[in-house]
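Everything below concerns the one structure shown next.
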Amino acid sequence: MGILRRALDALYLAGGVVAALFTLAILVIIVAQMIARWTGNVFPGATDYAGYCMAAASFFAFAYALNHGAHIRVSLLLNALGRHRVKGELWCFGMGAVISSYFAWYGVRGMFESLKWNDISQGLDKTPIWIPQISMAVGTVLLAIAFWDNLARLIMTGHHGMRSGAIETGTE
Amino acid sequence: MDYVLSISIFLFVLFFLLGSGVWVGLALMGVAWVGMELFTTRPVGDAMITKIWSSSASWTLTALPLFIWMGEVLYRTRLSEDMFKGLSPWMARLPGGLVHTNIVGCTVFAAVSGSSAATLTTVGKMSIPELNKRKYPQRMVIGTLAGAATLGLMIPPSLTLIVYGVTVNESITKLFFAGILPGLVLAGMFMAYVAIQSWVSRDWNPTPEPRMSFVEKLHNSRFLIPVLLLIAVVIGSMYFGWATPTEAAAFGVIGALLLAAGQGSLNWHTFTQSLMGATRTSAMIALILGGAAFLSLSMGFTGLPRGLADLIAQMGLTRFELLMVLLIFYIVLGCFLDGISSVVLTMAVVEPMIRQAGIDLIWFGIFIVVVVEMAQITPPIGFNLFVLQGMTNHEMGYIARAAIPMFLIMVVMVFVLIGFPELATWLPDNLR
Amino acid sequence: EKWDMPLAYAASNFHSENAAQFAACVTENSGGAVEIVTHPSGSLFGGNDIKRAVQSGQALIGERLISAHQNENPLFGIDSIPFLATSYDDHERLWDVAGPKVAEALDAQNLHYLYSVPWPPQGLYFNQPIESVADMQGIKFRSYSTATARMAEMTGMLPVQVEAAELSQALATGVAEAFISSGATGYDRKVWEHLSHFYEVDAWLPRNVIFVNKDAWDGLDDAAKGAMNDCAAEAKARGLQMSKDYTQFTLDGLKEGGMEVGRAGDALVAELQEIGATMTEEWLESAGEEGRAIVEAYRASQ
Ligand code: NA
Ligand code: NA
């Protein structure tokens, strides 16, 4: 159990780190494109690559953001439930698990469909679309795993593994 | 009545999922799924992924994480504290005091960024802790921020105006010019409201700022130089043609990192923390944007927005009545859709109405932007409310209530625009 | 049955107006068996997604600028080889030869080709008078495709990649100083606010293709197919006329906006033709035997 727990947490963190690297990559690509332009050179497909990095920065971080409580929700009713809050949380994580699994199923399927239709980027980059869509397939699956993980923990221990979300008060 | 049934189902599912505490992005996906299952025989999941992928892998969206990152860097350095050190001596004596920094900050940053989420996170990251430290009424801090951040859409560059301009074939340059004066007037109205509140509100007891002589004030202003420099570089990069509005965000991040390094507050820890923080926040917004894109697709298949606009077209209204009906129509739509989606989904029907009524399309663009700005702060789906909830510990209901006065001011702004159309039309007509 | 038809361009664009008339025609002539609802402005699916959406049945019919997909198959770019077919008549003859081959290629992608309408001819926008290729040296040229980037390279211009949404801003701030497009784009975007010259070089006439999901097409009865085909034939002819009419209208509009509008000088045209010949050769290399056969058949028909 301990190993599984640590492995899962490492997985979510890894997703977050990869996403952060893609955020950094956006910056690098945009700067490279500007420098290329100022010096009379071309960086073909830069805008497309930046777009793929944008997607990767989002998808890879979904699960990581969930466990940091970054994804927001309306918790008015949950707070009002008082000691019955666990039941409300069960509903939320249950729905979360179902919807994120649906999302993950089609996220993976979407990548394979792009492969099947031989979908190629319409920009200067000419990338087969399934390659950047790996981020979508992996990221949505990670999110679904995180939801089932939290749901399982909630059922077994009565607590989910989500941290409180406020960024503003803490200095971290 | 088909529409009544479909609207009721939509609303029920939406309120049920959102209200019961399901995460906003996933709740939007859930309600969009219900809409598509009910109203079309097309494969729902595949269409969902097509739409979410193309909305995620977007070049124009890349400015968002970069601006958020810039905000995170500034927040983790002494820069925001410094900015307040420089500003507070000047503004503390004004009625409304430092709450004005929210509005001025958003107005200035609106000239840097085309989106309201980026404006909100950058300014809020810096101002909320400082204003809380000085014990300004929480409701005012949150409310003004939610309202003023929407100026990001009105003051150029503006993503909404670009989309509107492309949709109705109007000059984007003219639209940009048209947004300047109304944006400043709206900012002025927000500030007037803050001033009035500071006189009438009983819980307005901020910590007094130390008294300073004029020379001291001037001396303290040196703290403003770095931030002003940063803003000047970002805006300058666009207006001198070094960067497109999307690329300007890169100037912002690099500038912020350089300033932090110059201050000695940049180290491996603050760098990684700011980057990870920005990644989390932008992932949060991306999930909601993905859900909103799917919801907008679902709305397109149901034909609801267009059907409602069609109903309005058949009513045979006078110009003023038409504007009033459209105002209400877009406010209602804005409760459930983001601004760009409501423009794109309805303009095919609304544009001919407007042309037929003899309403200037440039002016109408500004009208639409004000209304779309309102949509940012109306529940249940209001992006500024979401972003603020992510940034503070407050419930969405609290934030929405805090933003009500700003919403009302925007309604007043619509009437100001109707009464003084030159506000929007004078600059674009005379600046060439 | 209701068929949603995603369109990439604004409702007032002539392609969208033509599609709306086509939709009404099909709805009426099929006796309601197929009711087509158009969704302009990319409000259902954006331009980039329309082909994929129709292929996989997410929408059953759609319209797309076919050359956008030439990365998949060079054949889809045959309408936009610079200076191969430079008038409406030439272009229609090119399409008479190429259309069936494109339809075959689409068929292999689960799409049934219905009809196609050309955009007005592509001309060059500049912020200064241009008399020869030498004058173009160093000008920042907005490129959005392999062909436009290659063209910039061959004329000594600096290709800058600018997305459509940022075009106006890029022109206003000097990020881009020139681009190639139809008179319609310049008219719609009110380009005279930033640029001064439009040269009608008629480089090519890109086409919008209207296609149907093949499974949906095969599922129609003969009456419905007949209604579709009749309406498509009408729409093809009507769209061509609209395109021609719109060309003159937009050129007049550009003039009215204050731009210098006119044919390019003979010297410039000759130089561009030469570049066009090179680019045609390059395209032929990528397109293989089939492409060569089409271009030869087109040249033989002249
Ligand atoms: Na702005
Ligand atoms: Na709203």
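Going by the structure tokens order, chains are called A, B, ..., each with residues numbered from 1, while ligands are numbered from 1 in the order shown.
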
Legend entry - Residues flagged strand (DSSP E) by DSSP in segment 2-220 of chain C, as a ChimeraX atom specification: /C:2-6,35-39,61-65,111-118,122-126,140-143,158-161,178-182,197-200,207-213

What's the 7 Å shell around Leu76 of chain A, counting only C-alpha atoms, without same-chain residues fewer than 3 positions away, as a compact mmCIF listing (two decimals) with all heavy atoms, in the first residue's frame?
# COMPACT_ATOMS: atom_id res chain seq x y z
N ASN A 79 -20.07 22.56 2.36
CA ASN A 79 -19.81 23.12 3.68
C ASN A 79 -21.06 23.06 4.54
O ASN A 79 -20.97 22.84 5.75
CB ASN A 79 -19.34 24.58 3.55
CG ASN A 79 -17.98 24.67 2.89
OD1 ASN A 79 -17.21 23.71 2.91
ND2 ASN A 79 -17.70 25.80 2.27
N ALA A 80 -22.23 23.25 3.90
CA ALA A 80 -23.47 23.27 4.66
C ALA A 80 -23.81 21.87 5.17
O ALA A 80 -24.58 21.71 6.11
CB ALA A 80 -24.61 23.80 3.79
N GLU B 395 -15.87 31.67 -1.09
CA GLU B 395 -16.87 30.94 -1.85
C GLU B 395 -17.26 31.77 -3.08
O GLU B 395 -17.20 33.00 -3.05
CB GLU B 395 -18.12 30.78 -0.98
CG GLU B 395 -18.25 29.43 -0.36
CD GLU B 395 -18.23 28.34 -1.40
OE1 GLU B 395 -18.76 28.55 -2.50
OE2 GLU B 395 -17.65 27.27 -1.11

Inset, instruction - Using only C-alpha atoms, determine which residues of chain A fall within 8 Å of chain C; present them as a PyMOL selection string. - result: chain A and resi 37+40-42+44-45+47+117-124+126

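We find atom CA of Leu142 of chain A and atom CA of Ala56 of chain A to be spaced 12.7 Å apart.
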
Inset, instruction - Give me the residues within 7 Å of His39 of chain C as JSON, numbers by chain, counting only C-alpha atoms and dropping any in the same chain fewer than 4 places off. - result: {"C": [5, 6, 7, 43, 44]}

Inset, instruction - Compute the set of protein, DNA and RNA residues whose minimum atom distance to ligand 2 is at most 7 Å, using only C-alpha atoms and all ligand atoms, and state it as a VMD selection string. - result: chain B and resid 334 to 338 374 to 383

Selected residues written out with C-alpha atoms, as a tab-separated table (two decimals), in the first residue's frame:
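Saved to part23.tsv:
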chain	number	residue	atom	x	y	z
B	334	GLY	CA	-23.51	35.41	-20.33
B	335	CYS	CA	-24.57	33.54	-17.24
B	336	PHE	CA	-23.91	30.29	-19.08
B	337	LEU	CA	-21.40	30.98	-21.85
B	338	ASP	CA	-18.10	32.79	-22.04
B	374	MET	CA	-20.64	41.46	-17.27
B	375	ALA	CA	-20.70	37.79	-18.20
B	376	GLN	CA	-17.27	37.42	-16.59
B	377	ILE	CA	-18.74	38.17	-13.17
B	378	THR	CA	-22.23	36.67	-13.32
B	379	PRO	CA	-22.82	33.27	-11.75
B	380	PRO	CA	-23.07	30.38	-12.31
B	381	ILE	CA	-20.45	30.51	-15.08
B	382	GLY	CA	-18.30	33.59	-14.64
B	383	PHE	CA	-14.60	33.25	-15.33

Legend entry - Interface residues on chain B facing chain C, 6 Å, only C-alpha atoms, written as a PyMOL selection string: chain B and resi 42-43+47+167+169+171+239+241+297+300+344-345+348

Legend entry - Counting only C-alpha atoms, the residue of B:Ser88, B:Thr302, B:Ser8, B:Thr244 that sits nearest chain A: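 Counting only C-alpha atoms, the residue closest to chain A is B:Thr244.
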
Inset, instruction - For segment 247-254 of chain C, work out the shell of residues within 10 Å, counting only C-alpha atoms and skipping chain neighbours fewer than 4 positions away, then give it as a ChimeraX atom specification. - result: /C:119-121,182-188,190-192,196-198,200,241-243,258-262

Inset, instruction - For chain A, report every residue with an atom at most 6 Å from chain B (counting only C-alpha atoms), formatted as a ChimeraX atom specification. - result: /A:20,27,47,51-52,54-55,58,61-62,65,71-75,92,106,166-168

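In this model, the gap between atom CA of Glu282 of chain C and atom CA of Ser80 of chain C comes to 12.9 Å.
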
Could you pull out the residues sitting within 12 Å of ligand 1, using only C-alpha atoms and all ligand atoms, and write them as an mmCIF file with C-alpha atoms, in the first residue's frame?
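Wrote it out as selection24.cif, contents follow:
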data_model
loop_
_atom_site.group_PDB
_atom_site.id
_atom_site.type_symbol
_atom_site.label_atom_id
_atom_site.label_comp_id
_atom_site.auth_asym_id
_atom_site.auth_seq_id
_atom_site.Cartn_x
_atom_site.Cartn_y
_atom_site.Cartn_z
ATOM 1 C CA CYS B 106 -6.149 46.473 -13.966
ATOM 2 C CA THR B 107 -6.549 49.421 -16.337
ATOM 3 C CA VAL B 108 -2.822 49.576 -16.963
ATOM 4 C CA PHE B 109 -2.480 45.841 -17.261
ATOM 5 C CA ALA B 110 -5.474 45.773 -19.599
ATOM 6 C CA ALA B 111 -3.282 47.622 -22.066
ATOM 7 C CA VAL B 112 -0.826 44.741 -21.820
ATOM 8 C CA SER B 113 -3.085 41.729 -22.002
ATOM 9 C CA GLY B 114 -6.086 40.820 -24.108
ATOM 10 C CA SER B 115 -7.714 38.548 -21.588
ATOM 11 C CA SER B 116 -9.418 39.219 -18.311
ATOM 12 C CA ALA B 117 -8.119 36.094 -16.528
ATOM 13 C CA ALA B 118 -4.512 37.160 -17.082
ATOM 14 C CA THR B 119 -5.298 40.693 -15.911
ATOM 15 C CA LEU B 120 -7.009 39.349 -12.840
ATOM 16 C CA ALA B 148 -11.901 46.036 -13.085
ATOM 17 C CA ALA B 149 -10.155 42.951 -14.479
ATOM 18 C CA THR B 150 -12.837 42.814 -17.169
ATOM 19 C CA LEU B 151 -11.279 45.971 -18.597
ATOM 20 C CA GLY B 152 -8.748 43.574 -20.126
ATOM 21 C CA LEU B 153 -11.420 42.875 -22.739
ATOM 22 C CA MET B 154 -12.236 46.513 -23.519
ATOM 23 C CA ILE B 155 -8.907 48.307 -23.475
ATOM 24 C CA PRO B 156 -6.784 47.193 -26.429
ATOM 25 C CA PRO B 157 -5.410 44.656 -27.141
ATOM 26 C CA SER B 158 -8.586 42.648 -26.743
ATOM 27 C CA LEU B 159 -9.277 39.082 -27.800
ATOM 28 C CA THR B 160 -13.023 39.661 -27.716
ATOM 29 C CA LEU B 161 -12.812 42.656 -30.043
ATOM 30 C CA ILE B 162 -10.620 40.684 -32.460
ATOM 31 C CA LEU B 175 -12.516 48.680 -32.661
ATOM 32 C CA PHE B 176 -9.343 48.926 -30.602
ATOM 33 C CA PHE B 177 -9.452 52.722 -30.733
ATOM 34 C CA GLY B 179 -12.472 50.697 -26.724
ATOM 35 C CA ILE B 180 -10.059 53.177 -25.170
ATOM 36 C CA GLY B 183 -12.606 51.670 -20.946
ATOM 37 C CA LEU B 184 -11.276 54.740 -19.166
ATOM 38 C CA ILE B 235 3.404 47.699 -24.030
ATOM 39 C CA PRO B 245 0.150 40.771 -28.546
ATOM 40 C CA THR B 246 0.610 37.065 -27.890
ATOM 41 C CA VAL B 369 -17.814 44.068 -24.925
ATOM 42 C CA GLU B 373 -17.585 41.889 -19.445
#

Inset, instruction - Write out as a ChimeraX atom specification which residues come within 8 Å of segment 97-107 of chain C when counting only C-alpha atoms, dropping same-chain ones fewer than 6 positions away. - result: /C:75-76,78,113,214,294,297-298

Could those residues be written to a file, using C-alpha atoms, as a PDB file, in the first residue's frame?
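Writing done, so here's part_30.pdb:
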ATOM      1  CA  LEU C  75      -3.231  16.845 -54.522  1.00  0.00           C
ATOM      2  CA  PHE C  76      -5.312  18.986 -52.132  1.00  0.00           C
ATOM      3  CA  ILE C  78      -3.366  21.720 -56.716  1.00  0.00           C
ATOM      4  CA  TYR C 113     -17.253  15.328 -52.816  1.00  0.00           C
ATOM      5  CA  LYS C 214     -19.570   9.052 -47.019  1.00  0.00           C
ATOM      6  CA  ILE C 294      -3.234  16.322 -64.067  1.00  0.00           C
ATOM      7  CA  ALA C 297      -3.805  17.232 -69.064  1.00  0.00           C
ATOM      8  CA  TYR C 298      -4.578  20.806 -67.991  1.00  0.00           C
TER       9      TYR C 298
END

Inset, instruction - Using atom CA of Val34 of chain B and atom CA of Gly291 of chain B as the two end points, give the distance in Å to one decimal. - result: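 Atom CA of Gly291 of chain B lies 12.8 Å from atom CA of Val34 of chain B.
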
Inset, instruction - May I have all residues of segment 228-428 of chain B that DSSP, computed from the backbone, assigns to alpha helix (DSSP H), given as a ChimeraX atom specification? - result: /B:228-239,245-263,268-302,304-313,319-336,339-356,361-376,383-391,396-419,422-428

Inset, instruction - Might you pull out every residue within 9 Å of segment 23-31 of chain C, with only C-alpha atoms counted and same-chain residues fewer than 4 positions away left off, and present them as a ChimeraX atom specification? - result: /C:5,18-19,35-38,223-232

Inset, instruction - Name the closest residue to Gly96 of chain A among the candidates B:Ser296, B:Val325, B:Gly188, B:Leu28; distances are taken between atoms, counting only C-alpha atoms. - result: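 Among the listed residues, B:Leu28 lies closest to Gly96 of chain A.
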
Legend entry - Contacts of Pro352 of chain B at 12 Å (only C-alpha atoms; same-chain gap of 6+ positions) as an NGL selection string: (:B and (168 or 309-310 or 312-313 or 346 or 358-361)) or (:C and (10-12))

Would you write out those residues with C-alpha atoms, as an mmCIF file, in the first residue's frame?
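To be explicit, this is the file written out as part-v1.cif:
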data_model
loop_
_atom_site.group_PDB
_atom_site.id
_atom_site.type_symbol
_atom_site.label_atom_id
_atom_site.label_comp_id
_atom_site.auth_asym_id
_atom_site.auth_seq_id
_atom_site.Cartn_x
_atom_site.Cartn_y
_atom_site.Cartn_z
ATOM 1 C CA VAL B 168 -18.709 41.074 -38.555
ATOM 2 C CA ALA B 309 -31.784 35.532 -31.344
ATOM 3 C CA ASP B 310 -34.210 34.572 -34.132
ATOM 4 C CA ILE B 312 -35.789 38.656 -31.069
ATOM 5 C CA ALA B 313 -35.377 39.326 -34.781
ATOM 6 C CA THR B 346 -25.306 34.549 -32.117
ATOM 7 C CA GLY B 358 -28.930 51.416 -38.531
ATOM 8 C CA ILE B 359 -26.704 50.884 -35.504
ATOM 9 C CA ASP B 360 -23.004 51.576 -36.005
ATOM 10 C CA LEU B 361 -21.147 48.244 -35.936
ATOM 11 C CA ALA C 10 -18.737 34.754 -41.380
ATOM 12 C CA ALA C 11 -22.403 34.562 -42.340
ATOM 13 C CA SER C 12 -22.063 37.564 -44.669
#

Legend entry - Nearest residue to Ile129 of chain A from the set A:Ala97, A:Ala144, A:Asp48, A:Gly69 (distances using only C-alpha atoms):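 Between A:Ala97, A:Ala144, A:Asp48, A:Gly69, the residue approaching Ile129 of chain A most closely is A:Asp48.
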